[in-house]
Structures are given as structure tokens and as C-alpha cells.
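Structure record follows, encoded as C-alpha cells.
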Amino acid sequence: PESVMRTDVWHVDTPLPAYHKGRVALVGDTAHAMTPNLAQGACQALEDAVVLAHHISGSIAYVPRALQPYSDARLPRTAALVQRSAQLAEAVQSESPLAARLRDTAAAVVGATAPGLLARYTRPVDDWRPPGPL
């Protein structure tokens with residue numbers, strides 16, 4: 001047991017009400033920690049930074065006013081991705097031998113007969129576009 005390294009994975013079950021308070025904005029895992037199943041942790045932090053910069057660039061004089069639109073822009077997407085990642089984690093980490101066998105068989109069948117289903121499942125991850133001009 002002492003030679004086994006264990007690293008717990010934490011995620012935010014319930015979205016925060018906002019990703020800011022006053023002049024402080026949260027980005028990345030501090031705002032919306034998720035399981036690594038969609039490989040989106042760093043990607044979402046970068047998206048946060050782009051959206052935050054977009055909203056702050058138009059209102060440097062009063063930063064707190066820019067942070068509400070940042071939260072409003074990021075909360076729906078990140079909450080959905082956190083939920084999708086947690087669902088995927090639950091599906092792939094089943095400890096039941098029967099559930100694991102069913103999952104593996106279903107994945108093989110879908111991969112061979114309808115690979116587009118996986119693309120549809122991940123499309124919400126891939127279809128983000130940076131915000132336009134203010």
C-alpha cells in the first residue's frame with residue numbers, strides 16, 4: 001500500500017452562483033473543477049481567460065461591472081461540461097464486472113457501427129467560439 005500513489009479527483013457538483021465577487025474573478029478549476037474524462041480542464045481555463053479579457057477590455061475603468069457578464073457568459077457552458085464529464089466518469093469507472101462488460105461491448109458496437117455518435121456526444125466540447133467585439 002505505501003508504494004501506491006493515490007491522487008483524488010475532485011469536481012464541482014453544483015455550479016457556483018457566479019465566477020466573480022467584487023473585483024476578483026475565478027477561472028479554470030477554481031470556478032468549475034471537473035473530472036478529467038473530457039480532457040477540458042486547461043481548455044476551459046483558457047476559454048475563461050479569453051472571455052474575461054473580452055469583457056474587461058471594454059471596461060477597464062470599473063472592472064467589477066465587467067465580471068457579471070463574464071460569469072453570465074461562462075456559467076452555462078462550464079456547468080454543462082462539468083455535468084457531462086461527471087456522467088462520463090460514472091460510466092467508464094464502474095466497478096461492476098457486468099456493467100463494465102456491457103459498457104465495453106456497447107462502446108465496441110457503437111465504434112464499429114455508428115462512430116458519429118461519439119462525435120455528437122463531444123460536439124458541445126468542440127463547438128465553442130470566442131466572443132466577438134464588444
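Chain lettering (A, B, ...) mirrors the order of the C-alpha cells, residue numbering begins at 1 for each chain separately, and ligand numbering begins at 1 in order of display.
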
Write out as a PyMOL selection string the set of residues from range 12-86 of chain A that DSSP, computed on the backbone, places in alpha helix (DSSP H). chain A and resi 29-32+41-57+63-86

Taking the DSSP assignment computed from this structure's backbone, write out as an NGL selection string all residues of chain A that belong to strand (DSSP E or B). :A and (20-21 or 24-25)

A:Trp128, A:Tyr62, A:Trp10, A:Tyr19 ranked by distance to Pro36 in chain A, top pick (using only C-alpha atoms):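 Checking each candidate against Pro36 in chain A, we get A:Trp10 as the closest.
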
With distances taken over only C-alpha atoms, which of A:Pro1, A:Pro17, A:Pro97, A:Pro69 is nearest to Ala31 in chain A?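 Using only C-alpha atoms, Ala31 in chain A sits closest to A:Pro17.
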
Env of range 75-87 of chain A: 10 Å cut, atoms = only C-alpha atoms, seq-sep filter 5 positions within chain, self excluded. Answer as a PyMOL selection string. chain A and resi 11-19+28+31-41+44-45+47-48+70+92+121-122+124-125+128

Can you write out the residues you just picked, keeping N, CA, C and O atoms, as a short mmCIF file (atom, residue, chain, number, x, y, z; two decimals), in the first residue's frame?
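The result, stored in selection30.cif:
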```cif
data_model
loop_
_atom_site.label_atom_id
_atom_site.label_comp_id
_atom_site.auth_asym_id
_atom_site.auth_seq_id
_atom_site.Cartn_x
_atom_site.Cartn_y
_atom_site.Cartn_z
N HIS A 11 -14.44 17.37 -8.22
CA HIS A 11 -15.14 18.21 -9.19
C HIS A 11 -16.26 18.94 -8.46
O HIS A 11 -16.65 18.59 -7.36
N VAL A 12 -16.75 19.98 -9.10
CA VAL A 12 -17.80 20.81 -8.52
C VAL A 12 -19.14 20.22 -8.94
O VAL A 12 -19.50 20.27 -10.12
N ASP A 13 -19.86 19.63 -8.00
CA ASP A 13 -21.17 19.04 -8.31
C ASP A 13 -22.22 20.08 -8.66
O ASP A 13 -22.99 19.93 -9.59
N THR A 14 -22.26 21.14 -7.88
CA THR A 14 -23.25 22.19 -8.06
C THR A 14 -22.54 23.45 -8.52
O THR A 14 -21.62 23.92 -7.86
N PRO A 15 -22.94 24.00 -9.66
CA PRO A 15 -22.26 25.20 -10.15
C PRO A 15 -22.32 26.35 -9.14
O PRO A 15 -23.31 26.50 -8.42
N LEU A 16 -21.26 27.11 -9.10
CA LEU A 16 -21.27 28.31 -8.26
C LEU A 16 -22.30 29.29 -8.82
O LEU A 16 -22.60 29.26 -10.01
N PRO A 17 -22.82 30.18 -7.99
CA PRO A 17 -23.79 31.16 -8.50
C PRO A 17 -23.15 32.18 -9.44
O PRO A 17 -23.83 32.76 -10.29
N ALA A 18 -21.86 32.40 -9.29
CA ALA A 18 -21.13 33.34 -10.16
C ALA A 18 -19.65 32.98 -10.10
O ALA A 18 -19.20 32.32 -9.17
N TYR A 19 -18.90 33.42 -11.10
CA TYR A 19 -17.45 33.17 -11.12
C TYR A 19 -16.69 34.43 -10.74
O TYR A 19 -15.54 34.61 -11.13
N GLY A 28 -10.86 28.63 -14.59
CA GLY A 28 -10.40 27.25 -14.55
C GLY A 28 -11.00 26.45 -13.40
O GLY A 28 -12.16 26.62 -13.05
N ALA A 31 -13.12 27.78 -10.53
CA ALA A 31 -14.51 28.13 -10.82
C ALA A 31 -15.36 26.90 -11.10
O ALA A 31 -16.52 26.83 -10.70
N HIS A 32 -14.79 25.93 -11.81
CA HIS A 32 -15.59 24.80 -12.30
C HIS A 32 -14.74 23.55 -12.46
O HIS A 32 -14.57 23.03 -13.57
N ALA A 33 -14.23 23.05 -11.36
CA ALA A 33 -13.42 21.83 -11.41
C ALA A 33 -14.25 20.68 -11.96
O ALA A 33 -15.41 20.51 -11.61
N MET A 34 -13.64 19.90 -12.85
CA MET A 34 -14.35 18.78 -13.45
C MET A 34 -13.44 17.56 -13.51
O MET A 34 -12.23 17.67 -13.42
N THR A 35 -14.06 16.39 -13.67
CA THR A 35 -13.28 15.17 -13.83
C THR A 35 -12.51 15.27 -15.15
O THR A 35 -12.90 16.01 -16.05
N PRO A 36 -11.43 14.51 -15.29
CA PRO A 36 -10.60 14.64 -16.49
C PRO A 36 -11.12 13.89 -17.72
O PRO A 36 -10.43 13.84 -18.73
N ASN A 37 -12.31 13.37 -17.67
CA ASN A 37 -12.79 12.48 -18.73
C ASN A 37 -12.98 13.15 -20.09
O ASN A 37 -12.93 12.47 -21.11
N LEU A 38 -13.22 14.43 -20.12
CA LEU A 38 -13.34 15.14 -21.40
C LEU A 38 -12.06 15.90 -21.76
O LEU A 38 -12.02 16.57 -22.78
N ALA A 39 -11.06 15.82 -20.90
CA ALA A 39 -9.78 16.49 -21.12
C ALA A 39 -9.98 17.99 -21.36
O ALA A 39 -9.42 18.58 -22.27
N GLN A 40 -10.81 18.61 -20.51
CA GLN A 40 -11.18 20.01 -20.71
C GLN A 40 -10.71 20.95 -19.62
O GLN A 40 -11.02 22.14 -19.67
N GLY A 41 -10.01 20.48 -18.61
CA GLY A 41 -9.62 21.35 -17.50
C GLY A 41 -8.86 22.59 -17.97
O GLY A 41 -9.30 23.72 -17.77
N GLN A 44 -10.83 24.78 -20.63
CA GLN A 44 -11.84 25.67 -20.09
C GLN A 44 -11.21 26.86 -19.38
O GLN A 44 -11.76 27.97 -19.40
N ALA A 45 -10.05 26.67 -18.78
CA ALA A 45 -9.35 27.80 -18.17
C ALA A 45 -8.94 28.81 -19.24
O ALA A 45 -9.05 30.03 -19.03
N GLU A 47 -10.44 29.20 -22.20
CA GLU A 47 -11.68 29.86 -22.66
C GLU A 47 -12.09 30.93 -21.66
O GLU A 47 -12.49 32.03 -22.05
N ASP A 48 -12.02 30.61 -20.36
CA ASP A 48 -12.34 31.61 -19.33
C ASP A 48 -11.50 32.86 -19.52
O ASP A 48 -12.01 33.98 -19.46
N TYR A 70 -19.04 38.27 -17.62
CA TYR A 70 -18.12 37.13 -17.72
C TYR A 70 -18.77 35.90 -17.10
O TYR A 70 -18.82 34.83 -17.71
N VAL A 92 -17.56 5.17 -17.21
CA VAL A 92 -16.31 4.45 -17.50
C VAL A 92 -15.63 3.87 -16.26
O VAL A 92 -14.73 3.07 -16.38
N TYR A 121 -21.72 13.33 -29.12
CA TYR A 121 -21.60 13.47 -27.66
C TYR A 121 -20.56 14.53 -27.30
O TYR A 121 -20.73 15.26 -26.34
N THR A 122 -19.50 14.61 -28.09
CA THR A 122 -18.44 15.58 -27.77
C THR A 122 -18.61 16.92 -28.47
O THR A 122 -17.87 17.85 -28.19
N PRO A 124 -20.59 19.48 -28.08
CA PRO A 124 -20.64 20.66 -27.21
C PRO A 124 -19.26 21.09 -26.70
O PRO A 124 -19.04 22.24 -26.39
N VAL A 125 -18.33 20.16 -26.65
CA VAL A 125 -16.97 20.49 -26.24
C VAL A 125 -16.27 21.26 -27.35
O VAL A 125 -15.55 22.22 -27.12
N TRP A 128 -17.19 25.62 -29.32
CA TRP A 128 -17.03 26.93 -28.71
C TRP A 128 -16.35 27.90 -29.68
O TRP A 128 -15.45 27.51 -30.43
#
```

Find the residue from A:Val63, A:Leu46, A:Val110, A:Met5 that sits nearest to Lys21 in chain A; use only C-alpha atoms when measuring.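 Counting only C-alpha atoms, the residue closest to Lys21 in chain A is A:Val63.
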
Given only C-alpha atoms as the counted atoms, nearest of A:Ala89, A:Leu52, A:Leu26, A:Leu117 to Ala66 in chain A: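 Using only C-alpha atoms, the shortest distance to Ala66 in chain A belongs to A:Leu52.
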
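In this structure, CA of Arg65 in chain A sits 11.3 Å away from CA of Val24 in chain A.
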
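Going from CA of Ala106 in chain A to CA of Gln93 in chain A covers 14.7 Å.
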